[in-house]
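I have placed the structure first, in the form of structure tokens, so that the comments after it can refer back to it.
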Amino acid sequence: LMYYLKLYDRNKVLKDNCEIYLFSNLTYTKTLNGVGNLSFNTPIKYIKENEINILPGDCIELYLSENNSEECIWWGVVANPSNTSLNQMSVVCEGYFSCLKNRMQKHLFDFAISSNNMNYLEETYTNVGHGELILSLLGTQNYYDNTGVTQGANKDYSRIKTTRVIKWDDKLDEKINEFIEDGGLYFDIDQNRKMNIYSEYGEDKSEFYIVHDGNLIDCSQAIIDYSQIINQVYVLNQFTEELEDGTSVDRSVYYIAEDKESIKTFGLRQEVLSVNDIRLVETAKKYAEQELKKVSSPIVNIELEANITDDLDIFHIEPGDYIGIDSELLNLKGKYRVMEYTVDISNNTVKINLGNCIFRKNNIVSYRY
């Protein structure tokens, strides 16, 4: 195996002397619905002698070369290249989603100021799908101030519609994360910097890629938490509808979704899902069933480290995929979803987070899938 890095400018144009072959301590992380990161060190002398100019905002790709073929296994942007005291340059990179950080809806502010009408400080999107809304916001942002990330495929087939107010000081990345979570969706940004939205994401690879006692190095955490199970979800929205004749009428929409098998196994556990933009029973049903799917089973979080082997070929596993565990040491057998992993190419090892949630410091549950 051989690895090398390829460097582009912020417009994704190859730079002169664009390839980096001498580096150390390279690790990279991929996260489901996350940013991801990559870091490495490279000698300052090597950078100077080869006239390699690494700048913040440069696009960068990591390639794996094997058997006369090569594959790009990570891509993103340079966030922070800095010199260290050991005659080394330390380079920290982030996934392309980081290009959407700290991007407000400045065009709304400009409209409001130029027209002297503060009503333009916000904009309403009515009866749109979450995926359509996300890509529309991205397209509008790019029209006024290009992010480098463009609109890709919208595979949001949930048919859930929403009405949202976007304010001039709303941050683009924060609103995208909000709508991804609310819509129960997934996203990725591909090598060509296109953002794609999905209702379903990942493949079942548990028959091909397995963690077993032969490749397992360590397991730092294996949590199965039954305390947060919800198996009956109520959705209720009460609203006032304005009629054409100027009168109004109070209406309500509700739906109850339940998992009978979970109720039988764990007992009845109920929850009211807070929503305020639902007008149709069909939409209430989709929200309730989507929430139920996430919360009717135990929280599972397994953090382990393993050697990269033919039967755990991490380079062909993506976050969202399912892989197998068959370990007597862990007393675990079954298939589990990959939430996140970090590859250390120096040691040919990978740290994998499996289950249906990610635990972070200072947070009990960051997000459930």
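Residue numbering restarts at 1 for every chain of the structure tokens, chains are lettered A, B, ... in their displayed order, and ligands are numbered from 1 as they appear.
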* Quick one: everything within 6 Å of A:Val235, counting only C-alpha atoms, minus sequence neighbours fewer than 3 positions away in the same chain. Send it as a PyMOL selection string. => chain A and resi 254-255+273
Residue subset to file, keeping N, CA and C atoms, as a PDB file, in the first residue's frame:
```pdb
ATOM      1  N   TYR A 254     -53.684  14.835  14.470  1.00  0.00           N
ATOM      2  CA  TYR A 254     -52.925  13.980  15.383  1.00  0.00           C
ATOM      3  C   TYR A 254     -52.682  12.611  14.745  1.00  0.00           C
ATOM      4  N   TYR A 255     -51.694  11.924  15.311  1.00  0.00           N
ATOM      5  CA  TYR A 255     -51.425  10.541  14.907  1.00  0.00           C
ATOM      6  C   TYR A 255     -50.670   9.866  16.049  1.00  0.00           C
ATOM      7  N   LEU A 273     -44.261  14.090  20.542  1.00  0.00           N
ATOM      8  CA  LEU A 273     -43.320  14.732  19.638  1.00  0.00           C
ATOM      9  C   LEU A 273     -43.801  16.149  19.361  1.00  0.00           C
TER      10      LEU A 273
END
```
* Asked: Quick one: DSSP strand (DSSP E or B) residues in stretch 76-287 of chain A, as JSON, numbers by chain?
  -> {"A": [76, 77, 78, 79, 80, 81, 82, 83, 88, 89, 90, 91, 92, 93, 94, 122, 123, 124, 125, 126, 127, 128, 129, 150, 151, 152, 153, 154, 155, 161, 162, 163, 164, 165, 166, 167, 186, 187, 188, 189, 194, 195, 196, 197, 198, 204, 210, 211, 212, 216, 217, 218, 219, 220, 221, 222, 223, 224, 225, 232, 233, 234, 235, 236, 237, 238, 239, 240, 241, 242, 248, 249, 250, 251, 252, 253, 254, 255, 256, 257, 258, 270, 271, 272, 273]}
* To do: Compile the contact shell of stretch 258-264 of chain A as a ChimeraX atom specification: residues with an atom at most 6 Å away, counting only C-alpha atoms, same-chain residues fewer than 4 positions apart removed.
  => /A:231-232,268
* **Close residues, stretch 150-161 of chain A itself excluded, 6 Å, only C-alpha atoms, min 2 positions apart in chain, as a list in words** => Asn127, Val128, Gly129, Gly131, Leu135, Lys194, Met195, Asn196, Ile197, Tyr198, Ser199 and Thr283 of chain A
Please identify every residue of stretch 147-259 of chain A that has at least one atom no farther than 12 Å from an atom of stretch 321-328 of chain A, counting only C-alpha atoms, and for each give the shortest atom pair and the distance in Å to one decimal, arranged by chain then increasing number, as a Markdown table.
```
| residue | atom | partner | partner_atom | distance |
| --- | --- | --- | --- | --- |
| A:Glu200 | CA | A:Asp321 | CA | 10.8 |
| A:Tyr201 | CA | A:Asp321 | CA | 7.7 |
| A:Gly202 | CA | A:Asp321 | CA | 4.3 |
| A:Glu203 | CA | A:Asp321 | CA | 4.6 |
| A:Asp204 | CA | A:Tyr322 | CA | 4.7 |
| A:Lys205 | CA | A:Ile323 | CA | 5.3 |
| A:Ser206 | CA | A:Ile323 | CA | 3.8 |
| A:Glu207 | CA | A:Gly324 | CA | 6.8 |
| A:Phe208 | CA | A:Ile323 | CA | 7.7 |
| A:Tyr209 | CA | A:Ile323 | CA | 5.6 |
| A:Ile210 | CA | A:Gly324 | CA | 4.4 |
| A:Val211 | CA | A:Ile325 | CA | 4.7 |
| A:His212 | CA | A:Ser327 | CA | 4.9 |
| A:Asp213 | CA | A:Ser327 | CA | 5.4 |
| A:Gly214 | CA | A:Ser327 | CA | 8.9 |
| A:Asn215 | CA | A:Ser327 | CA | 9.9 |
| A:Leu216 | CA | A:Ser327 | CA | 8.4 |
| A:Ile217 | CA | A:Ser327 | CA | 11.5 |
| A:Asp218 | CA | A:Ser327 | CA | 11.6 |
| A:Cys219 | CA | A:Ser327 | CA | 11.0 |
```
With a distance cut-off of 8 Å and only C-alpha atoms, select the neighbouring residues of A:Cys18, excluding the residue or stretch itself and same-chain residues fewer than 3 positions from it, and output the selection as a tab-separated table (two decimals) with all heavy atoms, in the first residue's frame.
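Now in result_1.tsv:
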```
chain	number	residue	atom	x	y	z
A	6	LYS	N	-2.91	15.00	-2.55
A	6	LYS	CA	-2.97	15.85	-3.73
A	6	LYS	C	-3.60	17.18	-3.34
A	6	LYS	O	-4.64	17.22	-2.66
A	6	LYS	CB	-3.80	15.18	-4.83
A	6	LYS	CG	-3.72	15.87	-6.19
A	6	LYS	CD	-4.51	15.10	-7.25
A	6	LYS	CE	-3.79	13.81	-7.64
A	6	LYS	NZ	-4.46	13.14	-8.79
A	7	LEU	N	-2.98	18.27	-3.77
A	7	LEU	CA	-3.35	19.61	-3.32
A	7	LEU	C	-3.92	20.44	-4.46
A	7	LEU	O	-3.38	20.46	-5.57
A	7	LEU	CB	-2.10	20.30	-2.74
A	7	LEU	CG	-2.28	21.50	-1.82
A	7	LEU	CD1	-3.03	21.09	-0.55
A	7	LEU	CD2	-0.91	22.07	-1.45
A	8	TYR	N	-5.05	21.12	-4.18
A	8	TYR	CA	-5.71	22.02	-5.12
A	8	TYR	C	-5.87	23.39	-4.47
A	8	TYR	O	-5.83	23.50	-3.23
A	8	TYR	CB	-7.11	21.51	-5.49
A	8	TYR	CG	-7.19	20.11	-6.04
A	8	TYR	CD1	-7.09	18.99	-5.21
A	8	TYR	CD2	-7.41	19.89	-7.40
A	8	TYR	CE1	-7.19	17.71	-5.72
A	8	TYR	CE2	-7.53	18.61	-7.91
A	8	TYR	CZ	-7.41	17.53	-7.07
A	8	TYR	OH	-7.52	16.25	-7.57
A	14	LEU	N	-5.84	22.15	-9.69
A	14	LEU	CA	-4.59	21.56	-9.22
A	14	LEU	C	-3.49	22.61	-9.10
A	14	LEU	O	-3.28	23.42	-10.00
A	14	LEU	CB	-4.12	20.46	-10.18
A	14	LEU	CG	-4.60	19.03	-9.90
A	14	LEU	CD1	-4.13	18.10	-11.01
A	14	LEU	CD2	-4.09	18.53	-8.55
A	15	LYS	N	-2.78	22.59	-7.99
A	15	LYS	CA	-1.68	23.52	-7.79
A	15	LYS	C	-0.40	22.97	-8.43
A	15	LYS	O	-0.27	21.76	-8.66
A	15	LYS	CB	-1.45	23.76	-6.29
A	15	LYS	CG	-2.69	24.27	-5.55
A	15	LYS	CD	-2.40	24.59	-4.10
A	15	LYS	CE	-1.73	25.95	-3.96
A	15	LYS	NZ	-1.71	26.40	-2.56
A	52	ILE	N	6.20	23.30	-2.39
A	52	ILE	CA	4.79	22.98	-2.13
A	52	ILE	C	4.22	24.07	-1.22
A	52	ILE	O	4.74	24.32	-0.14
A	52	ILE	CB	4.65	21.60	-1.46
A	52	ILE	CG1	5.20	20.51	-2.38
A	52	ILE	CG2	3.19	21.32	-1.12
A	52	ILE	CD1	5.31	19.14	-1.73
```
* To do: Would you mind reading off the distance between atom CA of A:Thr124 and atom CA of A:Lys175, one decimal, in Å?
  =>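 Distance between the two atoms: 13.6 Å.
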* Work out how far apart atom CA of A:Phe187 and atom CA of A:Leu133 are and give it in Å to one decimal. =>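 Spanning atom CA of A:Phe187 to atom CA of A:Leu133 is a straight-line distance of 13.2 Å.
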* Asked: Near A:Val350, within 12 Å and counting only C-alpha atoms, which residues show up once chain neighbours fewer than 5 positions away are dropped, as a ChimeraX atom specification?
  -> /A:27-30,211,215-219,303-309,312-315,317,340-345
* Long-range neighbours of A:Asn237 as a PyMOL selection string, 7 Å cut-off, only C-alpha atoms, 3 positions minimum in chain -> chain A and resi 252-254+275-276+278
* Asked: Of the candidates A:Trp168, A:Val13, A:Tyr96, A:Ser69, which shows the shortest atom-to-atom distance to A:Asp110, using only C-alpha atoms?
  ->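 The closest residue to A:Asp110 is A:Trp168.
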* Would you please extract all alpha helix (DSSP H) residues from stretch 262-338 of chain A, as assigned by DSSP on the backbone, and give them as a list in words? => Ser262, Ile263, Lys264, Thr265, Phe266, Val281, Glu282, Thr283, Ala284, Lys285, Lys286, Tyr287, Ala288, Glu289, Gln290, Glu291, Leu292, Lys293, Lys294 and Val295 of chain A
